[in-house]
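S.K.: One file: upload28.pdb (PDB, C-alpha atoms).
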```pdb
ATOM      1  CA  SER A 912     120.198  89.001 101.958
ATOM      2  CA  ILE A 913     117.597  86.428 101.022
ATOM      3  CA  VAL A 914     114.095  86.894 102.426
ATOM      4  CA  LYS A 915     110.891  84.902 102.003
ATOM      5  CA  TYR A 916     108.261  87.137 100.452
ATOM      6  CA  GLU A 917     104.949  87.270 102.277
ATOM      7  CA  LYS A 918     102.253  89.664 101.159
ATOM      8  CA  GLY A 919     101.818  92.560 103.551
ATOM      9  CA  SER A 920     104.866  91.617 105.632
ATOM     10  CA  GLU A 921     107.211  94.313 104.249
ATOM     11  CA  SER A 922     109.534  91.636 102.883
ATOM     12  CA  VAL A 923     111.411  94.119 100.698
ATOM     13  CA  ARG A 924     112.106  96.267 103.763
ATOM     14  CA  LYS A 925     113.573  93.245 105.558
ATOM     15  CA  ALA A 926     115.777  92.378 102.594
ATOM     16  CA  VAL A 927     117.057  95.949 102.206
ATOM     17  CA  GLU A 928     117.735  96.360 105.930
ATOM     18  CA  LEU A 929     119.567  93.026 106.194
ATOM     19  CA  ALA A 930     121.783  94.006 103.267
ATOM     20  CA  ASN A 931     122.353  97.553 104.632
ATOM     21  CA  GLY A 932     121.034  98.661 101.264
ATOM     22  CA  PHE A 933     120.590 102.349 102.098
ATOM     23  CA  GLU A 934     123.703 102.661 104.289
ATOM     24  CA  ASN A 935     125.476 104.890 101.766
ATOM     25  CA  LEU A 936     122.393 106.579 100.327
ATOM     26  CA  ASP A 937     122.268 110.314 101.033
ATOM     27  CA  PRO A 938     118.660 111.605 101.222
ATOM     28  CA  SER A 939     119.626 114.389  98.796
ATOM     29  CA  ALA A 940     120.742 111.862  96.155
ATOM     30  CA  LYS A 941     119.235 111.507  92.702
ATOM     31  CA  VAL A 942     117.922 107.939  92.643
ATOM     32  CA  PHE A 943     117.241 106.028  89.432
ATOM     33  CA  ILE A 944     115.183 102.804  89.533
ATOM     34  CA  LYS A 945     115.376 100.262  86.703
ATOM     35  CA  PRO A 946     112.605  97.627  86.743
ATOM     36  CA  ASN A 947     112.398  94.828  84.170
ATOM     37  CA  LEU A 948     109.471  95.446  81.820
ATOM     38  CA  VAL A 949     110.873  93.489  78.933
ATOM     39  CA  TYR A 950     107.670  93.246  76.890
ATOM     40  CA  TRP A 951     104.175  94.685  76.763
ATOM     41  CA  ASN A 952     101.203  94.265  74.440
ATOM     42  CA  ARG A 953      98.377  96.785  74.635
ATOM     43  CA  HIS A 954      96.137  94.854  72.230
ATOM     44  CA  CYS A 955      95.734  91.624  74.192
ATOM     45  CA  ASP A 956      96.264  90.198  77.650
ATOM     46  CA  PHE A 957      99.232  87.877  78.206
ATOM     47  CA  PRO A 958     100.929  86.079  81.136
ATOM     48  CA  LYS A 959     103.116  88.513  83.078
ATOM     49  CA  TRP A 960     104.135  86.365  86.063
ATOM     50  CA  GLY A 961     107.870  85.821  86.343
ATOM     51  CA  MET A 962     108.508  88.095  83.371
ATOM     52  CA  LEU A 963     107.916  91.612  84.703
ATOM     53  CA  THR A 964     109.048  93.253  87.928
ATOM     54  CA  THR A 965     106.115  93.046  90.344
ATOM     55  CA  SER A 966     104.507  96.423  90.984
ATOM     56  CA  SER A 967     104.073  95.652  94.700
ATOM     57  CA  VAL A 968     107.862  95.295  94.995
ATOM     58  CA  MET A 969     108.308  98.618  93.231
ATOM     59  CA  GLU A 970     105.876 100.316  95.599
ATOM     60  CA  GLU A 971     107.658  98.921  98.670
ATOM     61  CA  ILE A 972     110.906 100.367  97.333
ATOM     62  CA  LEU A 973     109.312 103.788  96.821
ATOM     63  CA  ILE A 974     107.899 103.792 100.358
ATOM     64  CA  LEU A 975     111.345 102.981 101.773
ATOM     65  CA  LEU A 976     112.971 105.757  99.736
ATOM     66  CA  LYS A 977     110.427 108.338 100.877
ATOM     67  CA  GLU A 978     110.895 107.261 104.507
ATOM     68  CA  HIS A 979     114.643 107.688 103.999
ATOM     69  CA  GLY A 980     113.978 111.280 102.903
ATOM     70  CA  VAL A 981     114.779 110.850  99.213
ATOM     71  CA  LYS A 982     112.874 113.310  97.035
ATOM     72  CA  ASP A 983     114.457 112.980  93.580
ATOM     73  CA  ILE A 984     113.351 109.581  92.236
ATOM     74  CA  THR A 985     113.199 108.503  88.600
ATOM     75  CA  ILE A 986     111.880 105.217  87.211
ATOM     76  CA  GLY A 987     113.107 104.485  83.699
ATOM     77  CA  GLU A 988     112.569 101.620  81.263
ATOM     78  CA  GLY A 989     112.702 101.059  77.512
ATOM     79  CA  ILE A 990     110.134  98.524  76.357
ATOM     80  CA  ILE A 991     110.882  96.954  72.977
ATOM     81  CA  THR A 992     108.136  97.457  70.366
ATOM     82  CA  GLU A 993     107.748  96.352  66.755
ATOM     83  CA  ASP A 994     107.534  99.975  65.626
ATOM     84  CA  PRO A 995     110.451 102.100  66.941
ATOM     85  CA  LYS A 996     108.154 105.142  66.875
ATOM     86  CA  ASP A 997     105.519 103.442  69.060
ATOM     87  CA  ARG A 998     105.186 105.435  72.289
ATOM     88  CA  GLU A 999     101.672 104.272  73.143
ATOM     89  CA  THR A1000     102.781 100.816  74.320
ATOM     90  CA  SER A1001     104.979 102.177  77.101
ATOM     91  CA  LYS A1002     102.235 104.593  78.163
ATOM     92  CA  ASP A1003      99.787 101.690  78.345
ATOM     93  CA  ALA A1004     102.232  99.592  80.386
ATOM     94  CA  PHE A1005     102.926 102.391  82.871
ATOM     95  CA  GLU A1006      99.195 102.990  83.286
ATOM     96  CA  LYS A1007      98.137  99.371  83.758
ATOM     97  CA  LEU A1008     101.096  98.424  85.989
ATOM     98  CA  GLY A1009     100.355 101.319  88.346
ATOM     99  CA  TYR A1010     103.347 103.529  87.556
ATOM    100  CA  ASN A1011     101.116 106.545  86.966
ATOM    101  CA  LEU A1012      99.720 106.013  90.475
ATOM    102  CA  PHE A1013     103.308 106.023  91.756
ATOM    103  CA  LYS A1014     103.761 109.461  90.185
ATOM    104  CA  GLU A1015     100.718 110.759  92.045
ATOM    105  CA  ARG A1016     101.386 109.063  95.390
ATOM    106  CA  TYR A1017     105.134 109.504  95.687
ATOM    107  CA  GLY A1018     106.029 112.348  93.337
ATOM    108  CA  VAL A1019     108.365 110.221  91.231
ATOM    109  CA  LYS A1020     109.254 110.705  87.578
ATOM    110  CA  VAL A1021     108.452 107.829  85.191
ATOM    111  CA  TYR A1022     110.244 107.833  81.845
ATOM    112  CA  ASP A1023     110.151 105.847  78.646
ATOM    113  CA  ILE A1024     113.906 106.001  78.053
ATOM    114  CA  PHE A1025     113.413 106.137  74.286
ATOM    115  CA  GLU A1026     112.061 109.651  74.850
ATOM    116  CA  ARG A1027     115.162 110.613  76.840
ATOM    117  CA  LEU A1028     118.808 111.331  76.001
ATOM    118  CA  PHE A1029     121.457 108.651  75.544
ATOM    119  CA  GLU A1030     125.202 109.117  76.066
ATOM    120  CA  LYS A1031     128.035 107.123  74.572
ATOM    121  CA  VAL A1032     130.132 105.450  77.260
ATOM    122  CA  GLU A1033     133.108 103.099  77.120
ATOM    123  CA  LEU A1034     132.145 100.208  79.379
ATOM    124  CA  ALA A1035     135.506  98.495  78.844
ATOM    125  CA  GLU A1036     138.244  98.519  76.255
ATOM    126  CA  GLY A1037     136.484  97.756  72.981
ATOM    127  CA  VAL A1038     132.978  97.855  74.491
ATOM    128  CA  THR A1039     130.974 101.033  73.952
ATOM    129  CA  ALA A1040     127.261 101.654  74.307
ATOM    130  CA  LYS A1041     124.817 104.508  74.282
ATOM    131  CA  MET A1042     123.148 104.373  77.681
ATOM    132  CA  ASN A1043     120.348 106.346  79.287
ATOM    133  CA  SER A1044     121.647 109.690  80.473
ATOM    134  CA  ASP A1045     119.314 109.886  83.496
ATOM    135  CA  MET A1046     120.880 106.736  84.987
ATOM    136  CA  LEU A1047     124.431 107.799  84.184
ATOM    137  CA  HIS A1048     123.945 111.132  85.955
ATOM    138  CA  SER A1049     122.108 109.756  88.974
ATOM    139  CA  ASP A1050     123.805 109.335  92.350
ATOM    140  CA  PHE A1051     122.320 105.948  93.178
ATOM    141  CA  LEU A1052     120.872 103.130  91.095
ATOM    142  CA  ILE A1053     118.269 100.631  92.278
ATOM    143  CA  ASP A1054     118.242  97.689  89.883
ATOM    144  CA  VAL A1055     115.081  95.549  90.168
ATOM    145  CA  PRO A1056     115.334  92.485  87.903
ATOM    146  CA  VAL A1057     113.170  89.379  88.036
ATOM    147  CA  LEU A1058     114.573  86.014  89.159
ATOM    148  CA  LYS A1059     114.489  84.307  85.765
ATOM    149  CA  THR A1060     116.368  82.283  83.225
ATOM    150  CA  HIS A1061     117.320  83.561  79.779
ATOM    151  CA  ALA A1062     117.527  81.742  76.443
ATOM    152  CA  GLN A1063     120.810  83.425  75.484
ATOM    153  CA  CYS A1064     122.412  84.677  78.727
ATOM    154  CA  VAL A1065     121.413  81.622  80.855
ATOM    155  CA  VAL A1066     120.071  83.972  83.562
ATOM    156  CA  SER A1067     118.618  87.472  83.400
ATOM    157  CA  LEU A1068     119.365  89.204  86.703
ATOM    158  CA  GLY A1069     121.001  92.451  87.831
ATOM    159  CA  LEU A1070     123.671  92.784  85.156
ATOM    160  CA  LYS A1071     121.470  91.678  82.263
ATOM    161  CA  ASN A1072     118.670  94.027  83.367
ATOM    162  CA  LEU A1073     120.919  97.036  82.733
ATOM    163  CA  LYS A1074     121.012  96.201  79.013
ATOM    164  CA  GLY A1075     117.514  97.701  78.914
ATOM    165  CA  LEU A1076     119.124 101.122  79.454
ATOM    166  CA  ASN A1077     120.908 100.935  76.094
ATOM    167  CA  ASN A1078     119.490 102.415  72.924
ATOM    168  CA  ILE A1079     118.376  99.998  70.195
ATOM    169  CA  PRO A1080     121.575 100.137  68.056
ATOM    170  CA  SER A1081     123.672  99.362  71.160
ATOM    171  CA  ARG A1082     121.402  96.477  72.105
ATOM    172  CA  LYS A1083     121.787  95.051  68.601
ATOM    173  CA  LYS A1084     125.553  95.534  68.692
ATOM    174  CA  PHE A1085     125.717  93.520  71.917
ATOM    175  CA  HIS A1086     124.377  90.573  69.893
ATOM    176  CA  GLY A1087     127.085  90.848  67.214
ATOM    177  CA  ASP A1088     129.188  87.944  65.959
ATOM    178  CA  ASP A1089     132.621  89.207  67.091
ATOM    179  CA  PRO A1090     134.407  86.206  68.669
ATOM    180  CA  LYS A1091     135.756  88.307  71.554
ATOM    181  CA  TYR A1092     133.010  90.853  72.113
ATOM    182  CA  THR A1093     130.239  88.314  72.539
ATOM    183  CA  LEU A1094     126.869  88.971  74.168
ATOM    184  CA  HIS A1095     128.199  87.380  77.376
ATOM    185  CA  TYR A1096     131.347  89.521  77.397
ATOM    186  CA  ASN A1097     129.418  92.724  76.697
ATOM    187  CA  VAL A1098     126.737  92.049  79.329
ATOM    188  CA  SER A1099     129.439  91.437  81.942
ATOM    189  CA  LYS A1100     130.544  95.076  81.526
ATOM    190  CA  LEU A1101     127.125  96.743  81.884
ATOM    191  CA  ALA A1102     127.533  97.938  85.489
ATOM    192  CA  ASN A1103     130.974  99.479  84.917
ATOM    193  CA  LYS A1104     129.685 103.054  84.483
ATOM    194  CA  ALA A1105     126.756 102.817  86.877
ATOM    195  CA  PRO A1106     126.700 104.842  90.110
ATOM    196  CA  PRO A1107     126.669 103.128  93.543
ATOM    197  CA  SER A1108     123.783 100.709  93.467
ATOM    198  CA  LEU A1109     121.417  98.364  95.227
ATOM    199  CA  THR A1110     120.153  95.280  93.419
ATOM    200  CA  ILE A1111     116.788  93.890  94.552
ATOM    201  CA  ILE A1112     115.854  90.673  92.743
ATOM    202  CA  ASP A1113     112.116  90.056  92.540
ATOM    203  CA  GLY A1114     111.585  86.315  92.905
ATOM    204  CA  ILE A1115     107.914  86.360  93.881
ATOM    205  CA  TYR A1116     107.606  84.419  90.638
ATOM    206  CA  THR A1117     110.601  82.773  88.984
ATOM    207  CA  LEU A1118     110.665  81.946  85.296
ATOM    208  CA  GLU A1119     111.828  78.718  83.703
ATOM    209  CA  ARG A1120     112.646  78.871  79.972
ATOM    210  CA  GLY A1121     112.663  82.671  80.189
ATOM    211  CA  PRO A1122     112.843  85.560  79.695
ATOM    212  CA  THR A1123     109.389  86.273  78.205
ATOM    213  CA  PHE A1124     105.756  85.200  78.501
ATOM    214  CA  ASP A1125     106.279  81.794  76.864
ATOM    215  CA  GLY A1126     108.387  80.679  79.836
ATOM    216  CA  LYS A1127     107.030  78.625  82.720
ATOM    217  CA  ALA A1128     106.368  80.630  85.877
ATOM    218  CA  HIS A1129     106.739  79.246  89.397
ATOM    219  CA  ARG A1130     105.488  80.919  92.576
ATOM    220  CA  SER A1131     108.723  81.070  94.598
ATOM    221  CA  ASP A1132     108.302  84.007  97.036
ATOM    222  CA  ILE A1133     111.961  85.066  97.209
ATOM    223  CA  ILE A1134     113.507  88.527  97.547
ATOM    224  CA  VAL A1135     117.284  88.978  97.194
ATOM    225  CA  ALA A1136     119.120  92.229  97.969
ATOM    226  CA  SER A1137     122.750  93.311  97.748
ATOM    227  CA  THR A1138     124.758  96.491  97.276
ATOM    228  CA  ASP A1139     127.075  94.368  95.109
ATOM    229  CA  ILE A1140     125.435  93.536  91.794
ATOM    230  CA  LEU A1141     127.662  90.527  91.104
ATOM    231  CA  SER A1142     126.948  89.043  94.542
ATOM    232  CA  ALA A1143     123.219  89.412  93.923
ATOM    233  CA  ASP A1144     123.536  87.681  90.549
ATOM    234  CA  LEU A1145     125.674  84.814  91.878
ATOM    235  CA  VAL A1146     123.075  84.142  94.572
ATOM    236  CA  GLY A1147     120.182  84.580  92.123
ATOM    237  CA  SER A1148     121.680  82.099  89.683
ATOM    238  CA  SER A1149     122.197  79.561  92.475
ATOM    239  CA  LEU A1150     118.593  80.004  93.610
ATOM    240  CA  LEU A1151     117.472  79.178  90.073
ATOM    241  CA  GLY A1152     119.418  75.922  90.339
ATOM    242  CA  ILE A1153     122.117  77.090  87.937
ATOM    243  CA  ASP A1154     125.755  76.966  89.048
ATOM    244  CA  PRO A1155     127.112  80.498  88.384
ATOM    245  CA  ILE A1156     130.158  78.947  86.706
ATOM    246  CA  ALA A1157     127.765  77.886  83.931
ATOM    247  CA  VAL A1158     126.842  81.538  83.280
ATOM    248  CA  PRO A1159     129.535  83.078  81.037
ATOM    249  CA  HIS A1160     128.758  86.733  81.813
ATOM    250  CA  LEU A1161     128.970  86.066  85.563
ATOM    251  CA  VAL A1162     132.272  84.225  85.127
ATOM    252  CA  GLN A1163     133.635  87.210  83.159
ATOM    253  CA  ALA A1164     132.353  89.734  85.696
ATOM    254  CA  ALA A1165     133.961  87.714  88.490
ATOM    255  CA  LYS A1166     137.289  87.694  86.609
ATOM    256  CA  ASP A1167     137.063  91.457  86.158
ATOM    257  CA  ARG A1168     136.570  91.907  89.895
TER     258      ARG A1168
END
```
Written as structure tokens, how would this file's structure read?
M.R.:
Amino acid sequence: SIVKYEKGSESVRKAVELANGFENLDPSAKVFIKPNLVYWNRHCDFPKWGMLTTSSVMEEILILLKEHGVKDITIGEGIITEDPKDRETSKDAFEKLGYNLFKERYGVKVYDIFERLFEKVELAEGVTAKMNSDMLHSDFLIDVPVLKTHAQCVVSLGLKNLKGLNNIPSRKKFHGDDPKYTLHYNVSKLANKAPPSLTIIDGIYTLERGPTFDGKAHRSDIIVASTDILSADLVGSSLLGIDPIAVPHLVQAAKDR
């Protein structure tokens, strides 16, 4: 589904309902939500539009889950920092983006995944990664990327967003120089071990020359939803004006399916 976002109009609800997003979601399920909080700086302000998942979208998702009767909800993200031991940056991000309020209002768990366990999984023959254990053992994944371009992957949407659930060595390995196991090939495999999922692409702002704060943001007011991550990404790429056939990881994922 593709819905025009209008503040206060429950646009996320419309998108999820049109895509039958919760059709196979049991209220007793363990739900894991993965936003895109690719970068944060607690020492200075910086442009966040089009780079980070919008907190209003996240809150709409939480309201829908609670209405559906879901009680076990985890939000997890691993923000990259200069110092691998830095845990204050993620705390600052969760506070200022309202995630601590979400804990109070909706009883959800909010985790810096670098403080959680990782498990080694084989995503495909020759492609292994250590991924966040909470996601791997959840019953349902809600993937909430931003509608943005990416300097290396062309677009950063549902599949690419899952790379943020890898530990740092696995992220680095994805960028290796092996002629077969390229970044594009590896990213195409990221959803292979994920549970049933719903992808909700936040296009309130889209980002040109992404994926970080030096890109150019555009107010676009688009929400995309699909229970098929590849479908969501094909549509998202098209909405960015990029033919999906020009996105190597989407071409590979399409071949695989």
S.K.: I need the residue nearest A:Phe1013 from this list: A:Glu999, A:Glu1036, A:Glu971, A:Glu988. Use only C-alpha atoms for the distance.
M.R.: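 Using only C-alpha atoms, the shortest distance to A:Phe1013 belongs to A:Glu971.
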S.K.: Which of these, A:Leu1068, A:Val1135, A:Leu1073, A:Ala1105, has the shortest distance to A:Ser1148 once you count only C-alpha atoms?
M.R.: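 For A:Ser1148, the nearest of the candidates is A:Leu1068.
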S.K.: Please write as a list in words the list of polymer residues whose atoms come within 10 Å of (131.8, 93.1, 81.1), counting all atoms listed in the file and keeping to the coordinates of the file.
M.R.: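 Every residue inside that radius is included here: Leu1034, Ala1035, Glu1036, Val1038, Leu1070, Tyr1092, Thr1093, Leu1094, His1095, Tyr1096, Asn1097, Val1098, Ser1099, Lys1100, Leu1101, Ala1102, Asn1103, His1160, Leu1161, Val1162, Gln1163, Ala1164, Ala1165, Lys1166 and Asp1167 of chain A.
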S.K.: So, with all atoms listed in the file as the atoms that count, which of A:Glu970, A:Ala1040, A:Arg953, A:Pro1080 lies closest to A:Asp1003?
M.R.: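 Closest residue, counting all atoms listed in the file: A:Arg953.
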S.K.: Written as a compact mmCIF listing (two decimals) with C-alpha atoms, keeping the file's coordinate frame, what is the full residue list that the PyMOL selection byres ((chain A and resi 992) around 12) yields on the file shown?
M.R.:
```txt
# COMPACT_ATOMS: atom_id res chain seq x y z
CA LEU A 948 109.47 95.45 81.82
CA VAL A 949 110.87 93.49 78.93
CA TYR A 950 107.67 93.25 76.89
CA TRP A 951 104.18 94.68 76.76
CA ASN A 952 101.20 94.26 74.44
CA ARG A 953 98.38 96.78 74.64
CA GLY A 989 112.70 101.06 77.51
CA ILE A 990 110.13 98.52 76.36
CA ILE A 991 110.88 96.95 72.98
CA GLU A 993 107.75 96.35 66.76
CA ASP A 994 107.53 99.98 65.63
CA PRO A 995 110.45 102.10 66.94
CA LYS A 996 108.15 105.14 66.88
CA ASP A 997 105.52 103.44 69.06
CA ARG A 998 105.19 105.44 72.29
CA GLU A 999 101.67 104.27 73.14
CA THR A 1000 102.78 100.82 74.32
CA SER A 1001 104.98 102.18 77.10
CA ALA A 1004 102.23 99.59 80.39
CA ASP A 1023 110.15 105.85 78.65
CA PHE A 1025 113.41 106.14 74.29
CA ILE A 1079 118.38 100.00 70.19
```
S.K.: At a cut-off of 7 Å from (116.0, 100.0, 97.6) in the coordinates of the file, what residues are picked up using only C-alpha atoms, written as a ChimeraX atom specification?
M.R.: /A:927,932-933,972,975-976,1053,1109,1111
S.K.: Distance atom CA of A:Cys955-atom CA of A:Cys1064, one decimal place?
M.R.: 27.9 Å
S.K.: So what do you get for atom CA of A:Lys1091 versus atom CA of A:Ile1140, distance-wise?
M.R.: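 Computing the Euclidean distance for atom CA of A:Lys1091 and atom CA of A:Ile1140 yields 23.3 Å.
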S.K.: For the structure provided, state which residues fall under the PyMOL selection byres ((chain A and resi 1059) around 8), and present them as a PDB file with C-alpha atoms, keeping the file's coordinate frame.
M.R.:
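The file below, out_2.pdb, is the result:
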```
ATOM      1  CA  GLY A 961     107.870  85.821  86.343  1.00  0.00           C
ATOM      2  CA  MET A 962     108.508  88.095  83.371  1.00  0.00           C
ATOM      3  CA  VAL A1057     113.170  89.379  88.036  1.00  0.00           C
ATOM      4  CA  LEU A1058     114.573  86.014  89.159  1.00  0.00           C
ATOM      5  CA  THR A1060     116.368  82.283  83.225  1.00  0.00           C
ATOM      6  CA  HIS A1061     117.320  83.561  79.779  1.00  0.00           C
ATOM      7  CA  VAL A1066     120.071  83.972  83.562  1.00  0.00           C
ATOM      8  CA  SER A1067     118.618  87.472  83.400  1.00  0.00           C
ATOM      9  CA  LEU A1068     119.365  89.204  86.703  1.00  0.00           C
ATOM     10  CA  GLY A1114     111.585  86.315  92.905  1.00  0.00           C
ATOM     11  CA  THR A1117     110.601  82.773  88.984  1.00  0.00           C
ATOM     12  CA  LEU A1118     110.665  81.946  85.296  1.00  0.00           C
ATOM     13  CA  GLU A1119     111.828  78.718  83.703  1.00  0.00           C
ATOM     14  CA  GLY A1121     112.663  82.671  80.189  1.00  0.00           C
ATOM     15  CA  PRO A1122     112.843  85.560  79.695  1.00  0.00           C
ATOM     16  CA  LEU A1151     117.472  79.178  90.073  1.00  0.00           C
TER      17      LEU A1151
END
```
S.K.: Generate the missing atoms of stretch 1117-1126 of chain A up to all heavy atoms and report them as an mmCIF file, keeping the file's coordinate frame.
M.R.:
```
data_model
loop_
_atom_site.group_PDB
_atom_site.id
_atom_site.type_symbol
_atom_site.label_atom_id
_atom_site.label_comp_id
_atom_site.auth_asym_id
_atom_site.auth_seq_id
_atom_site.Cartn_x
_atom_site.Cartn_y
_atom_site.Cartn_z
ATOM 1 N N THR A 1117 109.390 83.033 89.765
ATOM 2 C CA THR A 1117 110.601 82.773 88.984
ATOM 3 C C THR A 1117 110.160 82.216 87.637
ATOM 4 O O THR A 1117 109.053 81.706 87.491
ATOM 5 C CB THR A 1117 111.513 81.773 89.705
ATOM 6 O OG1 THR A 1117 110.756 80.603 90.048
ATOM 7 C CG2 THR A 1117 112.073 82.381 90.982
ATOM 8 N N LEU A 1118 111.054 82.328 86.649
ATOM 9 C CA LEU A 1118 110.665 81.946 85.296
ATOM 10 C C LEU A 1118 111.640 80.930 84.711
ATOM 11 O O LEU A 1118 112.825 81.198 84.560
ATOM 12 C CB LEU A 1118 110.599 83.185 84.393
ATOM 13 C CG LEU A 1118 109.852 82.992 83.078
ATOM 14 C CD1 LEU A 1118 108.368 82.727 83.331
ATOM 15 C CD2 LEU A 1118 110.002 84.219 82.183
ATOM 16 N N GLU A 1119 111.097 79.777 84.398
ATOM 17 C CA GLU A 1119 111.828 78.718 83.703
ATOM 18 C C GLU A 1119 111.631 78.911 82.207
ATOM 19 O O GLU A 1119 110.560 79.337 81.771
ATOM 20 C CB GLU A 1119 111.245 77.370 84.164
ATOM 21 C CG GLU A 1119 111.871 76.139 83.563
ATOM 22 C CD GLU A 1119 111.164 74.866 84.018
ATOM 23 O OE1 GLU A 1119 110.165 74.956 84.772
ATOM 24 O OE2 GLU A 1119 111.609 73.789 83.601
ATOM 25 N N ARG A 1120 112.685 78.655 81.421
ATOM 26 C CA ARG A 1120 112.646 78.871 79.972
ATOM 27 C C ARG A 1120 112.301 80.325 79.652
ATOM 28 O O ARG A 1120 111.474 80.617 78.786
ATOM 29 C CB ARG A 1120 111.652 77.917 79.281
ATOM 30 C CG ARG A 1120 111.978 76.437 79.440
ATOM 31 C CD ARG A 1120 111.215 75.563 78.435
ATOM 32 N NE ARG A 1120 109.782 75.785 78.473
ATOM 33 C CZ ARG A 1120 108.938 75.167 79.298
ATOM 34 N NH1 ARG A 1120 109.413 74.289 80.166
ATOM 35 N NH2 ARG A 1120 107.646 75.414 79.250
ATOM 36 N N GLY A 1121 112.921 81.250 80.378
ATOM 37 C CA GLY A 1121 112.663 82.671 80.189
ATOM 38 C C GLY A 1121 113.397 83.221 78.978
ATOM 39 O O GLY A 1121 114.055 82.478 78.259
ATOM 40 N N PRO A 1122 113.277 84.560 78.726
ATOM 41 C CA PRO A 1122 112.843 85.560 79.695
ATOM 42 C C PRO A 1122 111.430 86.117 79.482
ATOM 43 O O PRO A 1122 111.044 87.033 80.178
ATOM 44 C CB PRO A 1122 113.851 86.677 79.449
ATOM 45 C CG PRO A 1122 114.064 86.640 77.956
ATOM 46 C CD PRO A 1122 113.974 85.182 77.575
ATOM 47 N N THR A 1123 110.663 85.611 78.495
ATOM 48 C CA THR A 1123 109.389 86.273 78.205
ATOM 49 C C THR A 1123 108.191 85.385 78.534
ATOM 50 O O THR A 1123 108.319 84.372 79.213
ATOM 51 C CB THR A 1123 109.335 86.739 76.735
ATOM 52 O OG1 THR A 1123 109.545 85.616 75.875
ATOM 53 C CG2 THR A 1123 110.393 87.791 76.454
ATOM 54 N N PHE A 1124 107.018 85.787 78.049
ATOM 55 C CA PHE A 1124 105.756 85.200 78.501
ATOM 56 C C PHE A 1124 105.571 83.734 78.116
ATOM 57 O O PHE A 1124 104.661 83.074 78.620
ATOM 58 C CB PHE A 1124 104.576 86.027 77.980
ATOM 59 C CG PHE A 1124 104.557 86.159 76.480
ATOM 60 C CD1 PHE A 1124 103.993 85.171 75.693
ATOM 61 C CD2 PHE A 1124 105.101 87.272 75.867
ATOM 62 C CE1 PHE A 1124 103.979 85.286 74.315
ATOM 63 C CE2 PHE A 1124 105.085 87.400 74.489
ATOM 64 C CZ PHE A 1124 104.516 86.394 73.709
ATOM 65 N N ASP A 1125 106.417 83.201 77.220
ATOM 66 C CA ASP A 1125 106.279 81.794 76.864
ATOM 67 C C ASP A 1125 107.078 80.883 77.799
ATOM 68 O O ASP A 1125 107.114 79.670 77.620
ATOM 69 C CB ASP A 1125 106.690 81.550 75.410
ATOM 70 C CG ASP A 1125 108.065 82.102 75.073
ATOM 71 O OD1 ASP A 1125 108.629 82.832 75.912
ATOM 72 O OD2 ASP A 1125 108.566 81.812 73.970
ATOM 73 N N GLY A 1126 107.719 81.487 78.822
ATOM 74 C CA GLY A 1126 108.387 80.679 79.836
ATOM 75 C C GLY A 1126 107.389 80.092 80.824
ATOM 76 O O GLY A 1126 106.195 80.387 80.774
#
```
